[in-house]
Amino acid sequence: MPGTVLLLAAAPVGRGCLVDAASVLPVLAAVPPAVLSGADTANVVELADPLEPQAVLTRLRAAAAAPGPLTVYVTGQLQLDRRQRLPHLALARTTPSTVRYTALPWHWIREELRLRPSGATTLLLDLHADHEAWQWLREHPLDCGRNNAVYGRVAPPPARRTVAVPSYMRGVATILRSGYRPPPHELHQQALARMAAEGAAVDADLVLTAPGPVAGDPHAVIAAAVRSGRHRDADALAARHERAAAQAHGPASEDALHWAEVRADLSMFAGDPVRSCRAWLTVAENRLRAGQPPQAPAVEAAVDRAHHQWGLIRDAGRARELGAALAALRGRVPGRREGALDHVQRELSRLQTQG
């Protein structure tokens, strides 16, 4: 099965730039696609200094939907938005005051990749953080999703008026240009060793090493059941874990909500948008009842996914029923896409005319 590679290099234009992210793309682009992906053949998507977060999301979503192995190479800088204090990948137009609107929320990357089969995704990251993001990272891990292998580093802000070099990703690219891709953990170690040999200051870096799920992990077992078409078995296993988490930690606990989200995804994989939409609506309501704010990433993601699944429902009666609930929820959780509530209301009006 062919692999997919996403090369993403992004940094603000002008004084806010901390790293010359795009400088590594010519080196990576010179590597054969099969070597970049570790598969026999691969499709490569390259994004150099993109302007709009929605455009990046569209490419990321398409890459995540590909059935084969996916490797994502990200070079850039992390900044926090001033409203929620959450990490974002800064894009070309990003400034400290416009992070929420012009940068890519890091949790969008996690949310898009969470739909992929367990163990089918590898992220290689070379990131620099501004001062606020660096302080945040000292207390919070950079969440890339529990199903993915993650390797790389996050560097502290460079000296003032200095633009850093993505030396980790340059090391990765140089190693791959030999025509051989070692296993990701070996590639990671070789890149770190190359940085040290070239005199790069790596002691202060936050090194990212997460090999992904191991054999026997319930997520891997569920993913295998989905791949073989055993959707009922997959849902039954997820339901058992959801009940166990609810009994141990409460139905509003993160563990129980995680398994509820897994089951919503499984309904989507099974081609049941009604059940998936209803499940995502329930997850969103439970998160709100638990005291999570409407702007919380997990709340916004649940409503966005309910909205997407609702758009796939062909039964007018079910669509009207769930659309009313979605409209009420959209009034509280408008999300980041302009006009989401208006879209639901227009579609509901159209459905009412169908009798």
# chains A, B, ... in the order shown; residues from 1 in each chain; ligands from 1

$ select_by_dssp --residues "range 79-158 of chain A" --states "strand (DSSP E)" --output "VMD selection string"
chain A and resid 79 to 80 87 to 89 104 to 105 121 to 129 149 to 155

$ select_by_dssp --residues "range 146-335 of chain A" --states "alpha helix (DSSP H)" --output "NGL selection string"
:A and (167-176 or 184-197 or 218-227 or 231-249 or 254-269 or 273-289 or 297-310 or 316-332)

$ closest_residue --among "A:Leu206, A:Val31, A:Val226, A:Leu312" --to "His140 in chain A" --atoms "only C-alpha atoms"
A:Leu206

$ residues_around --residues "range 94-101 of chain A" --least-positions-apart "5" --cutoff "10 Å" --atoms "only C-alpha atoms" --output "list in words"
Ala11, Pro12, Val13, Gly14, Arg15, Gly16, Cys17, Leu51, Glu52, Pro53, Gln54, Leu78, Gln79, Leu80, Asp81, Arg82, Arg83, Gln84, Arg85, Leu86, Pro87, His88, Leu89, Asp130 and Arg336 of chain A

$ closest_residue --among "A:Leu187, A:Ala252, A:Val165, A:Ala306" --to "Arg287 in chain A" --atoms "only C-alpha atoms"
A:Ala252

$ closest_residue --among "A:Val72, A:Arg61, A:Ser23, A:Gln309" --to "Val5 in chain A" --atoms "only C-alpha atoms"
A:Val72

$ atom_distance --atom1 "CA of Glu198 in chain A" --atom2 "CA of Val27 in chain A"
17.2 Å

$ atom_distance --atom1 "CA of Val150 in chain A" --atom2 "CA of Arg59 in chain A"
19.6 Å

$ closest_residue --among "A:Ala316, A:Gln77, A:Trp108, A:Leu47" --to "Pro297 in chain A" --atoms "only C-alpha atoms"
A:Trp108
